[in-house]
Amino acid sequence: MPRFSVIVPAYKVQAYLHACLASVLEQDFTDLEVIAVDDCSPDACGEIIDEFAARDARVRAVHLDENVGLGRARNAGLKHASGDYVLFLDSDDTLTPGSLRAIADRVKETGSPDVLLFDYARTFWDGREIRNQFAHLLAQDGPASFTLADRPGLLKVLMVVWNKAYSREFIEREGFTFPPGYYEDTPWTYPVLMAAESLATLDRVCVHYRQRRGGNILGTTSHRHFDIFDQYERVFEFLDQHPDLDAQWRPAMFRRMVDHLSTLFTKRGRLPRRSRAEFLRKARSHYARYRTPGARVSRRTRLRHALVRLGTHRTYRTLWTAMAVGRRLSRALEAARRSVRAAALQLHYRVQLRLPVRENEAVFASYWGRGHGCNPGALEESFRDHAPHIRTSWIAAPEHHHTIPAGTRRLTPGTAAYWTALARSKYLVNNVNFDRRLVKRPGQVFVQTQHGTPLKKMGIDLQDHPAAARGTDFAQLLANADKWDYVLSSNRHSTLVWERAYPSAYTTLEYGYPRNDRFRSVTREETVRLRDTLGIPRDTIAVLYAPTHRDYRITQRLPLDLERMLRTLGPRFTILTRAHHSYAAPLTGVAAARLIDVSGHPSVESLCLASDALVTDYSSLMFDYAALDRPIVIHADDWEAYEAARGTYFDLRSFPPGAVARSEDELIDIFATGHWRGSRSAQLRAAFRERFCPYEDGRAGERVVRRVVFGEEPLGAAAVPHQSAESSPVPRA
């Protein structure tokens, strides 16, 4: 008897079925069976199922003689299920890697509940991926298992069958089956949740819910949307048969029904035009039939409930027309307001440009309005330490204002204060560029700090790499570079690259990166506190995993099974995962004590200090991390593709900062054997540091301030000996 039976009904999905079945069979958890049901599909679904069944004994092919629809096809699969738990997977969706093992582990942790709910993410045809907006309701806090009465908010999670694992014994005992027709999930899911004596949650994305460009069957215009009335009748019939559940859940089911009916009616393109009045009349009948005392309606949905209660199509059309006119008028007024405001701000900016430059003011920003950090953040601190007469301001979006130090003025992009600061501050500091409308005035000093040592091609060197350039306006790029007075460099390699990639008349300050000054000032005790704050278990080796962006891919690339890596290496290791800032999603959806997502942490320098080793691919973080003199392992499994798409300035495999792995197995072996911190890795790191970290003595920020503000050619700009006590990095915790 397998642990899981995964039921996959298939009808007209030949383009997606292969990926669906493969996502199940390629799981690292193998105690499963796949019951693939060919619902008399007219395309190649049946042949694809047979091919999988011939290759893998875990696949059982079920061919139906006639098309019976999704619900009855699932019933046909249920008849063949023999697993302890049953999962349903729509044939155009996929399981995420490692999801079955995570489900199995959670089922065991929670005492084999009747139903386990897990999370999903919508994946769009254009590469976007958006996690369920109610993911917080799947938190694993509190009792391991519970009933729906303990957490009724779970009714807000998308009511579909495929985001849950069901105990087969529970399903058979209660006699649950799917009805025919559209919305067949409704009379299955609600009764299942209400009847379950034990529920549990898994806060992990286990299913990628494909959003096809043409939409799904429920998005088509059809009279079959009237099936929704029969489905809710079945829900209330279930409550009639279970008086112990009726009193508690009938009000909630009534609200859900009215919300569902009103949503379906107001969705354009769902109901045939001539059937809309009929739909409202039937909705009114259901409202009166199942209306329940005590069913409170939120203020936000009162109008929609009134629409269903009245059931008057003409009233709805009048309200809809009035609201549509109001929306159009509101949009027109808002557009006019934005235009007037933008013109007023630009007029304000032009006036400010005619006023004197303020000699004792400096404005800083980094990464297009993100929080205080990187080289501009460290340099802003150096301004306050070494040039306290200069008032500093920081530009950031409001959600990042909390990262700005108390003594620094906060500026929001696009405000009058923002434009005043750009027009009149003497010092402008950024690691990217300010608004392209910035007018660089005589007397202003623009410091371009950059944000890393370049391995990948930059600036005009990207002209031969269109996949990476992606429509870059190189004329604008050079116009921005012409505004720079100083460009920071951390080594000779960077100096040569910047002057070639951004040819202009600026002065290069080869002084080191100010953000790495912190590596010389933090104490061991502070590092211990950092680790505790991040939740790193004591006496474990913390590995920071920080891959870079791929120009040749639309979506984030996840080349490593981090759960497998942790299982193989054992409890001595903890992995901190940091996704590249260009992606909105974390690297893993798994919440575990030794797998910690730190993508949202505001300071990558703190993460470096808290870790014992770095695993990366081609991220410039390796050059900064080398200044810590801690082990670095390179995972270069797609070097050829990366180099072809982006272009690089040298072959990292020939001059790495440590051991190089070309596959996941090699990476695990490097850590399992201790090679990651062996003598050969130390030799490679020493050579790498000598070339790329010559100025990391903790005084780069001071050198920049002395040169830019006071005009001094600072002492100590020559290479700093790594062996001196002054230049020793902070020891590991």
# chains A, B, ... in the order shown; residues from 1 in each chain; ligands from 1
call {"tool": "residues_around", "arguments": {"residues": "stretch 3-17 of chain A", "least_positions_apart": "4", "cutoff": "8 Å", "atoms": "only C-alpha atoms", "output": "VMD selection string"}}
result
chain A and resid 21 31 to 45 48 70 73 to 74 77 to 78 81 to 93
call {"tool": "select_by_dssp", "arguments": {"residues": "stretch 193-434 of chain A", "states": "strand (DSSP E)", "output": "PyMOL selection string"}}
result
chain A and resi 199-211+358-365+391-395+409-411+425-430
call {"tool": "residues_around", "arguments": {"residues": "A:Pro356", "least_positions_apart": "6", "cutoff": "12 Å", "atoms": "only C-alpha atoms", "output": "ChimeraX atom specification"}}
result
/A:420-421,423-426,441-444
call {"tool": "write_last_selection", "arguments": {"atoms": "N, CA, C and O atoms", "output": "PDB file, in the first residue's frame"}}
result
ATOM      1  N   THR A 420      13.707  69.302  -4.319  1.00  0.00           N
ATOM      2  CA  THR A 420      14.539  70.351  -3.716  1.00  0.00           C
ATOM      3  C   THR A 420      15.913  69.808  -3.373  1.00  0.00           C
ATOM      4  O   THR A 420      16.942  70.455  -3.629  1.00  0.00           O
ATOM      5  N   ALA A 421      15.937  68.607  -2.785  1.00  0.00           N
ATOM      6  CA  ALA A 421      17.218  68.001  -2.406  1.00  0.00           C
ATOM      7  C   ALA A 421      18.085  67.740  -3.633  1.00  0.00           C
ATOM      8  O   ALA A 421      19.302  67.984  -3.612  1.00  0.00           O
ATOM      9  N   ALA A 423      18.023  69.333  -6.415  1.00  0.00           N
ATOM     10  CA  ALA A 423      18.415  70.594  -7.049  1.00  0.00           C
ATOM     11  C   ALA A 423      19.479  71.340  -6.257  1.00  0.00           C
ATOM     12  O   ALA A 423      20.345  72.011  -6.845  1.00  0.00           O
ATOM     13  N   ARG A 424      19.483  71.202  -4.925  1.00  0.00           N
ATOM     14  CA  ARG A 424      20.299  72.117  -4.140  1.00  0.00           C
ATOM     15  C   ARG A 424      21.363  71.445  -3.270  1.00  0.00           C
ATOM     16  O   ARG A 424      22.212  72.140  -2.709  1.00  0.00           O
ATOM     17  N   SER A 425      21.331  70.113  -3.113  1.00  0.00           N
ATOM     18  CA  SER A 425      22.369  69.450  -2.327  1.00  0.00           C
ATOM     19  C   SER A 425      23.675  69.442  -3.110  1.00  0.00           C
ATOM     20  O   SER A 425      23.691  69.139  -4.313  1.00  0.00           O
ATOM     21  N   LYS A 426      24.762  69.722  -2.438  1.00  0.00           N
ATOM     22  CA  LYS A 426      26.059  69.725  -3.126  1.00  0.00           C
ATOM     23  C   LYS A 426      26.476  68.310  -3.494  1.00  0.00           C
ATOM     24  O   LYS A 426      27.002  68.082  -4.588  1.00  0.00           O
ATOM     25  N   ARG A 441      24.183  70.336 -11.770  1.00  0.00           N
ATOM     26  CA  ARG A 441      24.538  71.763 -11.737  1.00  0.00           C
ATOM     27  C   ARG A 441      26.025  71.960 -11.478  1.00  0.00           C
ATOM     28  O   ARG A 441      26.672  71.128 -10.818  1.00  0.00           O
ATOM     29  N   PRO A 442      26.583  73.057 -11.936  1.00  0.00           N
ATOM     30  CA  PRO A 442      27.945  73.412 -11.513  1.00  0.00           C
ATOM     31  C   PRO A 442      27.970  73.545  -9.990  1.00  0.00           C
ATOM     32  O   PRO A 442      27.080  74.153  -9.387  1.00  0.00           O
ATOM     33  N   GLY A 443      28.975  72.967  -9.393  1.00  0.00           N
ATOM     34  CA  GLY A 443      29.075  73.016  -7.942  1.00  0.00           C
ATOM     35  C   GLY A 443      28.552  71.774  -7.251  1.00  0.00           C
ATOM     36  O   GLY A 443      28.835  71.543  -6.073  1.00  0.00           O
ATOM     37  N   GLN A 444      27.774  70.951  -7.970  1.00  0.00           N
ATOM     38  CA  GLN A 444      27.323  69.689  -7.390  1.00  0.00           C
ATOM     39  C   GLN A 444      28.355  68.593  -7.652  1.00  0.00           C
ATOM     40  O   GLN A 444      29.052  68.610  -8.676  1.00  0.00           O
TER      41      GLN A 444
END
call {"tool": "residues_around", "arguments": {"residues": "A:Asp185", "least_positions_apart": "6", "cutoff": "7 Å", "atoms": "only C-alpha atoms", "output": "VMD selection string"}}
result
chain A and resid 159 to 161
call {"tool": "closest_residue", "arguments": {"among": "A:Val604, A:Thr96, A:Ala661, A:Gly71", "to": "A:Ala19", "atoms": "only C-alpha atoms"}}
result
A:Thr96
call {"tool": "residues_around", "arguments": {"residues": "A:Trp368", "least_positions_apart": "5", "cutoff": "8 Å", "atoms": "only C-alpha atoms", "output": "PyMOL selection string"}}
result
chain A and resi 396+432-434
call {"tool": "write_last_selection", "arguments": {"atoms": "all heavy atoms", "output": "mmCIF file, in the first residue's frame"}}
result
data_model
loop_
_atom_site.group_PDB
_atom_site.id
_atom_site.type_symbol
_atom_site.label_atom_id
_atom_site.label_comp_id
_atom_site.auth_asym_id
_atom_site.auth_seq_id
_atom_site.Cartn_x
_atom_site.Cartn_y
_atom_site.Cartn_z
ATOM 1 N N ALA A 396 14.051 57.169 -0.202
ATOM 2 C CA ALA A 396 13.549 55.798 -0.192
ATOM 3 C C ALA A 396 12.030 55.815 -0.230
ATOM 4 O O ALA A 396 11.391 56.768 0.218
ATOM 5 C CB ALA A 396 14.031 55.044 1.045
ATOM 6 N N VAL A 432 23.143 53.437 -8.170
ATOM 7 C CA VAL A 432 22.587 53.307 -9.518
ATOM 8 C C VAL A 432 22.534 54.726 -10.100
ATOM 9 O O VAL A 432 23.542 55.394 -10.153
ATOM 10 C CB VAL A 432 21.214 52.588 -9.497
ATOM 11 C CG1 VAL A 432 21.407 51.100 -9.307
ATOM 12 C CG2 VAL A 432 20.302 53.132 -8.421
ATOM 13 N N ASN A 433 21.375 55.195 -10.520
ATOM 14 C CA ASN A 433 21.259 56.573 -10.985
ATOM 15 C C ASN A 433 20.007 57.209 -10.404
ATOM 16 O O ASN A 433 19.041 56.519 -10.063
ATOM 17 C CB ASN A 433 21.198 56.633 -12.520
ATOM 18 C CG ASN A 433 22.565 56.509 -13.157
ATOM 19 O OD1 ASN A 433 23.424 57.383 -12.995
ATOM 20 N ND2 ASN A 433 22.791 55.413 -13.867
ATOM 21 N N PHE A 434 20.032 58.516 -10.283
ATOM 22 C CA PHE A 434 18.850 59.238 -9.873
ATOM 23 C C PHE A 434 17.899 59.366 -11.061
ATOM 24 O O PHE A 434 18.168 58.858 -12.147
ATOM 25 C CB PHE A 434 19.239 60.628 -9.346
ATOM 26 C CG PHE A 434 19.999 60.595 -8.051
ATOM 27 C CD1 PHE A 434 21.384 60.729 -8.036
ATOM 28 C CD2 PHE A 434 19.342 60.416 -6.843
ATOM 29 C CE1 PHE A 434 22.093 60.701 -6.851
ATOM 30 C CE2 PHE A 434 20.038 60.388 -5.649
ATOM 31 C CZ PHE A 434 21.414 60.529 -5.642
#
call {"tool": "residues_around", "arguments": {"residues": "A:Arg151", "least_positions_apart": "2", "cutoff": "12 Å", "atoms": "only C-alpha atoms", "output": "PDB file with N, CA, C and O atoms, in the first residue's frame"}}
result
ATOM      1  N   LEU A 137      -3.021  32.201   6.304  1.00  0.00           N
ATOM      2  CA  LEU A 137      -3.983  31.362   7.009  1.00  0.00           C
ATOM      3  C   LEU A 137      -3.494  29.930   7.163  1.00  0.00           C
ATOM      4  O   LEU A 137      -4.066  29.155   7.933  1.00  0.00           O
ATOM      5  N   LEU A 138      -2.438  29.568   6.436  1.00  0.00           N
ATOM      6  CA  LEU A 138      -1.877  28.219   6.519  1.00  0.00           C
ATOM      7  C   LEU A 138      -0.712  28.136   7.496  1.00  0.00           C
ATOM      8  O   LEU A 138       0.031  27.158   7.492  1.00  0.00           O
ATOM      9  N   ALA A 139      -0.559  29.150   8.328  1.00  0.00           N
ATOM     10  CA  ALA A 139       0.536  29.149   9.305  1.00  0.00           C
ATOM     11  C   ALA A 139       0.467  27.906  10.175  1.00  0.00           C
ATOM     12  O   ALA A 139      -0.618  27.409  10.503  1.00  0.00           O
ATOM     13  N   GLN A 140       1.631  27.395  10.530  1.00  0.00           N
ATOM     14  CA  GLN A 140       1.718  26.159  11.308  1.00  0.00           C
ATOM     15  C   GLN A 140       1.813  26.415  12.804  1.00  0.00           C
ATOM     16  O   GLN A 140       2.233  25.550  13.565  1.00  0.00           O
ATOM     17  N   ASP A 141       1.417  27.625  13.238  1.00  0.00           N
ATOM     18  CA  ASP A 141       1.420  27.936  14.660  1.00  0.00           C
ATOM     19  C   ASP A 141       0.256  27.225  15.348  1.00  0.00           C
ATOM     20  O   ASP A 141      -0.715  26.822  14.718  1.00  0.00           O
ATOM     21  N   GLY A 142       0.349  27.116  16.663  1.00  0.00           N
ATOM     22  CA  GLY A 142      -0.744  26.547  17.435  1.00  0.00           C
ATOM     23  C   GLY A 142      -0.746  25.030  17.392  1.00  0.00           C
ATOM     24  O   GLY A 142       0.255  24.384  17.037  1.00  0.00           O
ATOM     25  N   PRO A 143      -1.884  24.425  17.740  1.00  0.00           N
ATOM     26  CA  PRO A 143      -1.964  22.958  17.780  1.00  0.00           C
ATOM     27  C   PRO A 143      -1.631  22.344  16.427  1.00  0.00           C
ATOM     28  O   PRO A 143      -1.960  22.901  15.379  1.00  0.00           O
ATOM     29  N   SER A 145      -2.891  19.671  15.014  1.00  0.00           N
ATOM     30  CA  SER A 145      -4.131  19.384  14.307  1.00  0.00           C
ATOM     31  C   SER A 145      -5.285  20.060  15.036  1.00  0.00           C
ATOM     32  O   SER A 145      -5.211  20.330  16.235  1.00  0.00           O
ATOM     33  N   PHE A 146      -6.367  20.303  14.307  1.00  0.00           N
ATOM     34  CA  PHE A 146      -7.472  21.091  14.849  1.00  0.00           C
ATOM     35  C   PHE A 146      -8.705  20.797  14.007  1.00  0.00           C
ATOM     36  O   PHE A 146      -8.658  19.987  13.060  1.00  0.00           O
ATOM     37  N   THR A 147      -9.815  21.451  14.323  1.00  0.00           N
ATOM     38  CA  THR A 147     -11.020  21.339  13.512  1.00  0.00           C
ATOM     39  C   THR A 147     -11.291  22.679  12.837  1.00  0.00           C
ATOM     40  O   THR A 147     -10.689  23.699  13.182  1.00  0.00           O
ATOM     41  N   LEU A 148     -12.227  22.683  11.905  1.00  0.00           N
ATOM     42  CA  LEU A 148     -12.549  23.915  11.201  1.00  0.00           C
ATOM     43  C   LEU A 148     -13.080  24.973  12.159  1.00  0.00           C
ATOM     44  O   LEU A 148     -12.860  26.172  11.960  1.00  0.00           O
ATOM     45  N   ALA A 149     -13.741  24.545  13.221  1.00  0.00           N
ATOM     46  CA  ALA A 149     -14.257  25.493  14.207  1.00  0.00           C
ATOM     47  C   ALA A 149     -13.132  26.264  14.880  1.00  0.00           C
ATOM     48  O   ALA A 149     -13.316  27.412  15.296  1.00  0.00           O
ATOM     49  N   GLY A 153     -11.264  30.751   9.459  1.00  0.00           N
ATOM     50  CA  GLY A 153     -10.716  31.576   8.389  1.00  0.00           C
ATOM     51  C   GLY A 153     -10.229  30.768   7.204  1.00  0.00           C
ATOM     52  O   GLY A 153     -10.057  31.310   6.099  1.00  0.00           O
ATOM     53  N   LEU A 154     -10.015  29.464   7.388  1.00  0.00           N
ATOM     54  CA  LEU A 154      -9.559  28.623   6.277  1.00  0.00           C
ATOM     55  C   LEU A 154     -10.587  28.552   5.150  1.00  0.00           C
ATOM     56  O   LEU A 154     -10.250  28.169   4.032  1.00  0.00           O
ATOM     57  N   LEU A 155     -11.829  28.915   5.435  1.00  0.00           N
ATOM     58  CA  LEU A 155     -12.836  28.941   4.370  1.00  0.00           C
ATOM     59  C   LEU A 155     -12.519  29.992   3.311  1.00  0.00           C
ATOM     60  O   LEU A 155     -13.065  29.959   2.213  1.00  0.00           O
ATOM     61  N   LYS A 156     -11.625  30.943   3.634  1.00  0.00           N
ATOM     62  CA  LYS A 156     -11.246  31.972   2.663  1.00  0.00           C
ATOM     63  C   LYS A 156     -10.238  31.458   1.640  1.00  0.00           C
ATOM     64  O   LYS A 156     -10.088  32.045   0.569  1.00  0.00           O
ATOM     65  N   VAL A 157      -9.533  30.375   1.978  1.00  0.00           N
ATOM     66  CA  VAL A 157      -8.566  29.803   1.041  1.00  0.00           C
ATOM     67  C   VAL A 157      -9.326  29.232  -0.152  1.00  0.00           C
ATOM     68  O   VAL A 157     -10.430  28.701  -0.006  1.00  0.00           O
ATOM     69  N   LEU A 193     -14.258  19.727   4.772  1.00  0.00           N
ATOM     70  CA  LEU A 193     -13.672  20.532   5.854  1.00  0.00           C
ATOM     71  C   LEU A 193     -14.562  20.542   7.091  1.00  0.00           C
ATOM     72  O   LEU A 193     -14.063  20.504   8.224  1.00  0.00           O
ATOM     73  N   MET A 194     -15.884  20.601   6.883  1.00  0.00           N
ATOM     74  CA  MET A 194     -16.776  20.635   8.030  1.00  0.00           C
ATOM     75  C   MET A 194     -16.810  19.293   8.756  1.00  0.00           C
ATOM     76  O   MET A 194     -16.908  19.244   9.987  1.00  0.00           O
ATOM     77  N   SER A 198     -10.069  16.164  12.221  1.00  0.00           N
ATOM     78  CA  SER A 198      -8.729  16.732  12.419  1.00  0.00           C
ATOM     79  C   SER A 198      -8.226  17.312  11.105  1.00  0.00           C
ATOM     80  O   SER A 198      -8.262  16.651  10.068  1.00  0.00           O
ATOM     81  N   LEU A 199      -7.808  18.562  11.152  1.00  0.00           N
ATOM     82  CA  LEU A 199      -7.199  19.258  10.024  1.00  0.00           C
ATOM     83  C   LEU A 199      -5.783  19.659  10.412  1.00  0.00           C
ATOM     84  O   LEU A 199      -5.468  19.808  11.596  1.00  0.00           O
ATOM     85  N   ALA A 200      -4.930  19.860   9.417  1.00  0.00           N
ATOM     86  CA  ALA A 200      -3.581  20.380   9.647  1.00  0.00           C
ATOM     87  C   ALA A 200      -3.202  21.219   8.443  1.00  0.00           C
ATOM     88  O   ALA A 200      -3.811  21.118   7.367  1.00  0.00           O
ATOM     89  N   THR A 201      -2.203  22.061   8.613  1.00  0.00           N
ATOM     90  CA  THR A 201      -1.760  22.940   7.526  1.00  0.00           C
ATOM     91  C   THR A 201      -0.272  22.754   7.264  1.00  0.00           C
ATOM     92  O   THR A 201       0.494  22.380   8.152  1.00  0.00           O
TER      93      THR A 201
END
call {"tool": "residues_around", "arguments": {"residues": "A:Arg500", "least_positions_apart": "2", "cutoff": "10 Å", "atoms": "only C-alpha atoms", "output": "ChimeraX atom specification"}}
result
/A:458-461,494-498,502-504
call {"tool": "write_last_selection", "arguments": {"atoms": "C-alpha atoms", "output": "mmCIF file, in the first residue's frame"}}
result
data_model
loop_
_atom_site.group_PDB
_atom_site.id
_atom_site.type_symbol
_atom_site.label_atom_id
_atom_site.label_comp_id
_atom_site.auth_asym_id
_atom_site.auth_seq_id
_atom_site.Cartn_x
_atom_site.Cartn_y
_atom_site.Cartn_z
ATOM 1 C CA MET A 458 28.321 45.938 -17.704
ATOM 2 C CA GLY A 459 27.555 49.249 -19.399
ATOM 3 C CA ILE A 460 28.321 49.551 -23.087
ATOM 4 C CA ASP A 461 30.030 46.146 -22.975
ATOM 5 C CA SER A 494 36.974 47.102 -11.345
ATOM 6 C CA THR A 495 38.816 50.300 -12.244
ATOM 7 C CA LEU A 496 39.644 48.993 -15.702
ATOM 8 C CA VAL A 497 36.106 47.700 -16.270
ATOM 9 C CA TRP A 498 34.339 50.904 -15.156
ATOM 10 C CA TYR A 502 31.170 53.728 -18.698
ATOM 11 C CA PRO A 503 33.541 55.965 -20.679
ATOM 12 C CA SER A 504 33.299 59.497 -19.331
#
call {"tool": "closest_residue", "arguments": {"among": "A:Thr574, A:Ser330, A:Thr588, A:Asn480", "to": "A:Arg557", "atoms": "only C-alpha atoms"}}
result
A:Thr588
call {"tool": "closest_residue", "arguments": {"among": "A:Ser620, A:Leu607, A:Ala479, A:Tyr506", "to": "A:Arg531", "atoms": "only C-alpha atoms"}}
result
A:Leu607
call {"tool": "closest_residue", "arguments": {"among": "A:Leu345, A:Val325, A:Met565, A:Ala610", "to": "A:Tyr418", "atoms": "only C-alpha atoms"}}
result
A:Leu345
call {"tool": "atom_distance", "arguments": {"atom1": "atom CA of A:Met622", "atom2": "atom CA of A:Leu652"}}
result
10.9 Å
call {"tool": "closest_residue", "arguments": {"among": "A:Ile575, A:Ala469, A:Ala195, A:Gly701", "to": "A:Asp244", "atoms": "only C-alpha atoms"}}
result
A:Ala195
call {"tool": "closest_residue", "arguments": {"among": "A:Asp385, A:Asp240, A:Asp150, A:Asp464", "to": "A:Thr648", "atoms": "only C-alpha atoms"}}
result
A:Asp464
call {"tool": "decode", "arguments": {"residues": "stretch 390-403 of chain A", "atoms": "N, CA, C and O atoms", "output": "PDB file, in the first residue's frame"}}
result
ATOM      1  N   ILE A 390      27.995  68.324   7.529  1.00  0.00           N
ATOM      2  CA  ILE A 390      27.139  68.117   6.359  1.00  0.00           C
ATOM      3  C   ILE A 390      25.863  67.391   6.779  1.00  0.00           C
ATOM      4  O   ILE A 390      25.921  66.324   7.399  1.00  0.00           O
ATOM      5  N   ARG A 391      24.723  67.973   6.432  1.00  0.00           N
ATOM      6  CA  ARG A 391      23.433  67.366   6.738  1.00  0.00           C
ATOM      7  C   ARG A 391      23.106  66.333   5.662  1.00  0.00           C
ATOM      8  O   ARG A 391      23.147  66.638   4.464  1.00  0.00           O
ATOM      9  N   THR A 392      22.767  65.113   6.080  1.00  0.00           N
ATOM     10  CA  THR A 392      22.518  64.036   5.122  1.00  0.00           C
ATOM     11  C   THR A 392      21.028  63.728   5.021  1.00  0.00           C
ATOM     12  O   THR A 392      20.289  63.788   5.997  1.00  0.00           O
ATOM     13  N   SER A 393      20.596  63.383   3.802  1.00  0.00           N
ATOM     14  CA  SER A 393      19.214  62.968   3.530  1.00  0.00           C
ATOM     15  C   SER A 393      19.255  61.658   2.753  1.00  0.00           C
ATOM     16  O   SER A 393      20.209  61.395   2.007  1.00  0.00           O
ATOM     17  N   TRP A 394      18.199  60.856   2.927  1.00  0.00           N
ATOM     18  CA  TRP A 394      18.136  59.569   2.231  1.00  0.00           C
ATOM     19  C   TRP A 394      16.807  59.451   1.494  1.00  0.00           C
ATOM     20  O   TRP A 394      15.746  59.681   2.064  1.00  0.00           O
ATOM     21  N   ILE A 395      16.898  59.079   0.215  1.00  0.00           N
ATOM     22  CA  ILE A 395      15.705  58.903  -0.616  1.00  0.00           C
ATOM     23  C   ILE A 395      15.294  57.439  -0.594  1.00  0.00           C
ATOM     24  O   ILE A 395      16.095  56.553  -0.922  1.00  0.00           O
ATOM     25  N   ALA A 396      14.051  57.169  -0.202  1.00  0.00           N
ATOM     26  CA  ALA A 396      13.549  55.798  -0.192  1.00  0.00           C
ATOM     27  C   ALA A 396      12.030  55.815  -0.230  1.00  0.00           C
ATOM     28  O   ALA A 396      11.391  56.768   0.218  1.00  0.00           O
ATOM     29  N   ALA A 397      11.464  54.754  -0.771  1.00  0.00           N
ATOM     30  CA  ALA A 397      10.010  54.595  -0.737  1.00  0.00           C
ATOM     31  C   ALA A 397       9.554  54.505   0.718  1.00  0.00           C
ATOM     32  O   ALA A 397      10.309  54.048   1.583  1.00  0.00           O
ATOM     33  N   PRO A 398       8.340  54.932   1.020  1.00  0.00           N
ATOM     34  CA  PRO A 398       7.877  54.969   2.418  1.00  0.00           C
ATOM     35  C   PRO A 398       8.016  53.651   3.151  1.00  0.00           C
ATOM     36  O   PRO A 398       8.313  53.634   4.352  1.00  0.00           O
ATOM     37  N   GLU A 399       7.821  52.514   2.458  1.00  0.00           N
ATOM     38  CA  GLU A 399       7.907  51.224   3.150  1.00  0.00           C
ATOM     39  C   GLU A 399       9.323  50.888   3.603  1.00  0.00           C
ATOM     40  O   GLU A 399       9.526  49.940   4.380  1.00  0.00           O
ATOM     41  N   HIS A 400      10.320  51.663   3.126  1.00  0.00           N
ATOM     42  CA  HIS A 400      11.713  51.427   3.537  1.00  0.00           C
ATOM     43  C   HIS A 400      12.225  52.502   4.494  1.00  0.00           C
ATOM     44  O   HIS A 400      13.397  52.464   4.877  1.00  0.00           O
ATOM     45  N   HIS A 401      11.386  53.427   4.895  1.00  0.00           N
ATOM     46  CA  HIS A 401      11.845  54.519   5.754  1.00  0.00           C
ATOM     47  C   HIS A 401      12.337  54.028   7.106  1.00  0.00           C
ATOM     48  O   HIS A 401      13.178  54.672   7.738  1.00  0.00           O
ATOM     49  N   HIS A 402      11.819  52.877   7.556  1.00  0.00           N
ATOM     50  CA  HIS A 402      12.236  52.386   8.872  1.00  0.00           C
ATOM     51  C   HIS A 402      13.703  51.978   8.906  1.00  0.00           C
ATOM     52  O   HIS A 402      14.288  51.837   9.980  1.00  0.00           O
ATOM     53  N   THR A 403      14.315  51.777   7.739  1.00  0.00           N
ATOM     54  CA  THR A 403      15.728  51.376   7.708  1.00  0.00           C
ATOM     55  C   THR A 403      16.673  52.567   7.810  1.00  0.00           C
ATOM     56  O   THR A 403      17.878  52.376   7.984  1.00  0.00           O
TER      57      THR A 403
END
